[in-house]
Amino acid sequence: MTESGKFRKRYVVIKSNRDFSYLFKKGDSTVNYAFVCYMKPRRAGKNRLGIVTGKKVGNAVKRNRSRRIIREAFRLFEPILKENTDRRFDFVFVARAKTPMLKTQQILSLMKKNILPKLQ
């Protein structure tokens, strides 16, 4: 915890449409049944995370759950990422229809299995 008693995020959120479009066009991608991940190395700073959930995922409750479990899995994945590489990356995760039915640990194991080998 920080001095103010609040937790500090270890990543920055991607918000601009330009950054999303750039990653979709130029980023390296990995696909599985739970999500599609676009990633691109960046020069400095922290890792950046963007999450996209389209209407095919389901209603608002399912889309929000998808975002929550991807965000939590990424929070758990980031220390593993820092152990394995010194570089920083931009990540965009696109949720798929199966995502809201999965648990955080399942998403985390998919991240370890599909993303880590591509970063090394």
# chains A, B, ... in the order shown; residues from 1 in each chain; ligands from 1
$ select_by_dssp --residues "range 11-117 of chain A" --states "helix (DSSP H, G or I)" --output "PDB file with C-alpha atoms, in the first residue's frame"
ATOM      1  CA  ASN A  17      -9.382   5.052 -29.887  1.00  0.00           C
ATOM      2  CA  ARG A  18      -6.105   5.803 -31.665  1.00  0.00           C
ATOM      3  CA  ASP A  19      -4.172   3.462 -29.348  1.00  0.00           C
ATOM      4  CA  PHE A  20      -6.734   0.678 -29.786  1.00  0.00           C
ATOM      5  CA  SER A  21      -6.678   1.027 -33.583  1.00  0.00           C
ATOM      6  CA  TYR A  22      -2.874   1.058 -33.640  1.00  0.00           C
ATOM      7  CA  LEU A  23      -2.694  -2.178 -31.638  1.00  0.00           C
ATOM      8  CA  PHE A  24      -5.328  -3.880 -33.785  1.00  0.00           C
ATOM      9  CA  LYS A  25      -3.339  -3.043 -36.932  1.00  0.00           C
ATOM     10  CA  LYS A  26       0.290  -3.364 -35.799  1.00  0.00           C
ATOM     11  CA  LYS A  55     -22.372  -7.006 -27.775  1.00  0.00           C
ATOM     12  CA  LYS A  56     -21.806 -10.598 -28.891  1.00  0.00           C
ATOM     13  CA  VAL A  57     -20.511 -11.335 -25.381  1.00  0.00           C
ATOM     14  CA  ALA A  60     -24.384  -5.552 -19.799  1.00  0.00           C
ATOM     15  CA  VAL A  61     -23.959  -7.848 -16.795  1.00  0.00           C
ATOM     16  CA  LYS A  62     -21.994 -10.387 -18.832  1.00  0.00           C
ATOM     17  CA  ARG A  63     -19.880  -7.716 -20.509  1.00  0.00           C
ATOM     18  CA  ASN A  64     -18.995  -6.162 -17.149  1.00  0.00           C
ATOM     19  CA  ARG A  65     -18.158  -9.580 -15.676  1.00  0.00           C
ATOM     20  CA  SER A  66     -15.899 -10.263 -18.651  1.00  0.00           C
ATOM     21  CA  ARG A  67     -14.048  -7.018 -18.077  1.00  0.00           C
ATOM     22  CA  ARG A  68     -13.736  -7.685 -14.334  1.00  0.00           C
ATOM     23  CA  ILE A  69     -12.286 -11.170 -14.668  1.00  0.00           C
ATOM     24  CA  ILE A  70      -9.853 -10.149 -17.426  1.00  0.00           C
ATOM     25  CA  ARG A  71      -8.711  -7.174 -15.339  1.00  0.00           C
ATOM     26  CA  GLU A  72      -8.186  -9.334 -12.248  1.00  0.00           C
ATOM     27  CA  ALA A  73      -6.372 -12.048 -14.215  1.00  0.00           C
ATOM     28  CA  PHE A  74      -4.088  -9.380 -15.690  1.00  0.00           C
ATOM     29  CA  ARG A  75      -3.404  -8.020 -12.197  1.00  0.00           C
ATOM     30  CA  LEU A  76      -2.248 -11.505 -11.160  1.00  0.00           C
ATOM     31  CA  PHE A  77      -0.373 -12.018 -14.444  1.00  0.00           C
ATOM     32  CA  GLU A  78       1.684  -8.839 -14.284  1.00  0.00           C
ATOM     33  CA  PRO A  79       4.189  -9.951 -11.581  1.00  0.00           C
ATOM     34  CA  ILE A  80       4.803 -13.131 -13.626  1.00  0.00           C
ATOM     35  CA  LEU A  81       5.345 -10.934 -16.676  1.00  0.00           C
ATOM     36  CA  LYS A  82       7.889  -8.785 -14.817  1.00  0.00           C
ATOM     37  CA  GLU A  83       9.801 -11.895 -13.702  1.00  0.00           C
ATOM     38  CA  ASN A  84      10.126 -13.206 -17.247  1.00  0.00           C
ATOM     39  CA  THR A  99     -15.440 -15.305 -21.266  1.00  0.00           C
ATOM     40  CA  PRO A 100     -18.223 -14.511 -18.742  1.00  0.00           C
ATOM     41  CA  MET A 101     -18.642 -18.215 -17.929  1.00  0.00           C
ATOM     42  CA  THR A 104     -10.280 -15.710 -13.111  1.00  0.00           C
ATOM     43  CA  GLN A 105      -7.844 -18.600 -12.588  1.00  0.00           C
ATOM     44  CA  GLN A 106      -8.837 -20.118 -15.935  1.00  0.00           C
ATOM     45  CA  ILE A 107      -8.202 -16.811 -17.706  1.00  0.00           C
ATOM     46  CA  LEU A 108      -4.883 -16.473 -15.861  1.00  0.00           C
ATOM     47  CA  SER A 109      -3.743 -19.930 -16.950  1.00  0.00           C
ATOM     48  CA  LEU A 110      -4.652 -19.084 -20.572  1.00  0.00           C
ATOM     49  CA  MET A 111      -2.603 -15.891 -20.291  1.00  0.00           C
ATOM     50  CA  LYS A 112       0.385 -17.859 -18.985  1.00  0.00           C
ATOM     51  CA  LYS A 113       0.041 -20.504 -21.686  1.00  0.00           C
ATOM     52  CA  ASN A 114      -0.612 -18.239 -24.689  1.00  0.00           C
ATOM     53  CA  LEU A 116       4.254 -15.684 -22.101  1.00  0.00           C
ATOM     54  CA  PRO A 117       5.840 -17.777 -24.886  1.00  0.00           C
TER      55      PRO A 117
END
$ closest_residue --among "A:Lys46, A:Arg10, A:Lys103, A:Lys15" --to "Arg87 in chain A" --atoms "only C-alpha atoms"
A:Lys46
$ closest_residue --among "A:Val94, A:Ile115, A:Val12, A:Leu102" --to "Gly54 in chain A" --atoms "only C-alpha atoms"
A:Val94
$ residues_around --residues "Met39 in chain A" --least-positions-apart "2" --cutoff "8 Å" --atoms "only C-alpha atoms" --output "mmCIF file with all heavy atoms, in the first residue's frame"
data_model
loop_
_atom_site.group_PDB
_atom_site.id
_atom_site.type_symbol
_atom_site.label_atom_id
_atom_site.label_comp_id
_atom_site.auth_asym_id
_atom_site.auth_seq_id
_atom_site.Cartn_x
_atom_site.Cartn_y
_atom_site.Cartn_z
ATOM 1 N N LEU A 23 -2.986 -0.810 -32.086
ATOM 2 C CA LEU A 23 -2.694 -2.178 -31.638
ATOM 3 C C LEU A 23 -3.397 -3.221 -32.499
ATOM 4 O O LEU A 23 -2.837 -4.280 -32.766
ATOM 5 C CB LEU A 23 -3.089 -2.353 -30.170
ATOM 6 C CG LEU A 23 -2.032 -1.870 -29.184
ATOM 7 C CD1 LEU A 23 -2.622 -1.748 -27.804
ATOM 8 C CD2 LEU A 23 -0.857 -2.805 -29.166
ATOM 9 N N GLY A 27 -0.235 -4.690 -33.813
ATOM 10 C CA GLY A 27 0.104 -5.564 -32.701
ATOM 11 C C GLY A 27 0.161 -7.029 -33.084
ATOM 12 O O GLY A 27 -0.460 -7.473 -34.039
ATOM 13 N N ASP A 28 0.920 -7.780 -32.302
ATOM 14 C CA ASP A 28 0.995 -9.229 -32.437
ATOM 15 C C ASP A 28 -0.229 -9.810 -31.729
ATOM 16 O O ASP A 28 -0.580 -9.348 -30.642
ATOM 17 C CB ASP A 28 2.288 -9.708 -31.784
ATOM 18 C CG ASP A 28 2.662 -11.101 -32.188
ATOM 19 O OD1 ASP A 28 2.185 -11.552 -33.237
ATOM 20 O OD2 ASP A 28 3.438 -11.737 -31.452
ATOM 21 N N SER A 29 -0.869 -10.823 -32.289
ATOM 22 C CA SER A 29 -2.097 -11.319 -31.670
ATOM 23 C C SER A 29 -1.995 -12.793 -31.314
ATOM 24 O O SER A 29 -1.239 -13.550 -31.923
ATOM 25 C CB SER A 29 -3.294 -11.099 -32.593
ATOM 26 O OG SER A 29 -3.163 -11.874 -33.741
ATOM 27 N N CYS A 37 -5.897 -11.551 -27.722
ATOM 28 C CA CYS A 37 -4.977 -10.586 -27.119
ATOM 29 C C CYS A 37 -4.092 -9.988 -28.205
ATOM 30 O O CYS A 37 -3.455 -10.711 -28.962
ATOM 31 C CB CYS A 37 -4.126 -11.267 -26.052
ATOM 32 S SG CYS A 37 -2.921 -10.160 -25.326
ATOM 33 N N PRO A 41 5.311 -4.242 -27.899
ATOM 34 C CA PRO A 41 6.260 -3.686 -26.930
ATOM 35 C C PRO A 41 6.234 -2.164 -26.942
ATOM 36 O O PRO A 41 5.972 -1.540 -27.972
ATOM 37 C CB PRO A 41 7.624 -4.188 -27.422
ATOM 38 C CG PRO A 41 7.342 -5.232 -28.424
ATOM 39 C CD PRO A 41 5.961 -5.025 -28.926
ATOM 40 N N PHE A 89 4.824 -3.617 -22.221
ATOM 41 C CA PHE A 89 3.962 -3.872 -23.373
ATOM 42 C C PHE A 89 2.640 -3.138 -23.246
ATOM 43 O O PHE A 89 2.197 -2.788 -22.158
ATOM 44 C CB PHE A 89 3.658 -5.374 -23.475
ATOM 45 C CG PHE A 89 4.848 -6.215 -23.784
ATOM 46 C CD1 PHE A 89 5.647 -6.713 -22.769
ATOM 47 C CD2 PHE A 89 5.182 -6.505 -25.092
ATOM 48 C CE1 PHE A 89 6.747 -7.489 -23.048
ATOM 49 C CE2 PHE A 89 6.283 -7.288 -25.385
ATOM 50 C CZ PHE A 89 7.075 -7.781 -24.360
ATOM 51 N N ASP A 90 2.003 -2.948 -24.414
ATOM 52 C CA ASP A 90 0.599 -2.554 -24.489
ATOM 53 C C ASP A 90 -0.188 -3.823 -24.775
ATOM 54 O O ASP A 90 0.183 -4.597 -25.658
ATOM 55 C CB ASP A 90 0.362 -1.567 -25.626
ATOM 56 C CG ASP A 90 0.870 -0.173 -25.316
ATOM 57 O OD1 ASP A 90 1.125 0.112 -24.143
ATOM 58 O OD2 ASP A 90 0.999 0.625 -26.263
ATOM 59 N N PHE A 91 -1.264 -4.052 -24.036
ATOM 60 C CA PHE A 91 -2.127 -5.212 -24.242
ATOM 61 C C PHE A 91 -3.550 -4.737 -24.488
ATOM 62 O O PHE A 91 -4.038 -3.850 -23.793
ATOM 63 C CB PHE A 91 -2.161 -6.113 -23.000
ATOM 64 C CG PHE A 91 -0.864 -6.790 -22.693
ATOM 65 C CD1 PHE A 91 0.002 -6.262 -21.749
ATOM 66 C CD2 PHE A 91 -0.523 -7.970 -23.329
ATOM 67 C CE1 PHE A 91 1.191 -6.898 -21.444
ATOM 68 C CE2 PHE A 91 0.664 -8.618 -23.035
ATOM 69 C CZ PHE A 91 1.527 -8.072 -22.088
ATOM 70 N N VAL A 92 -4.210 -5.350 -25.461
ATOM 71 C CA VAL A 92 -5.649 -5.169 -25.641
ATOM 72 C C VAL A 92 -6.263 -6.559 -25.671
ATOM 73 O O VAL A 92 -5.874 -7.403 -26.476
ATOM 74 C CB VAL A 92 -5.995 -4.403 -26.938
ATOM 75 C CG1 VAL A 92 -7.496 -4.438 -27.198
ATOM 76 C CG2 VAL A 92 -5.543 -2.969 -26.845
#
$ select_by_dssp --residues "range 83-114 of chain A" --states "strand (DSSP E)" --output "PyMOL selection string"
chain A and resi 88-95
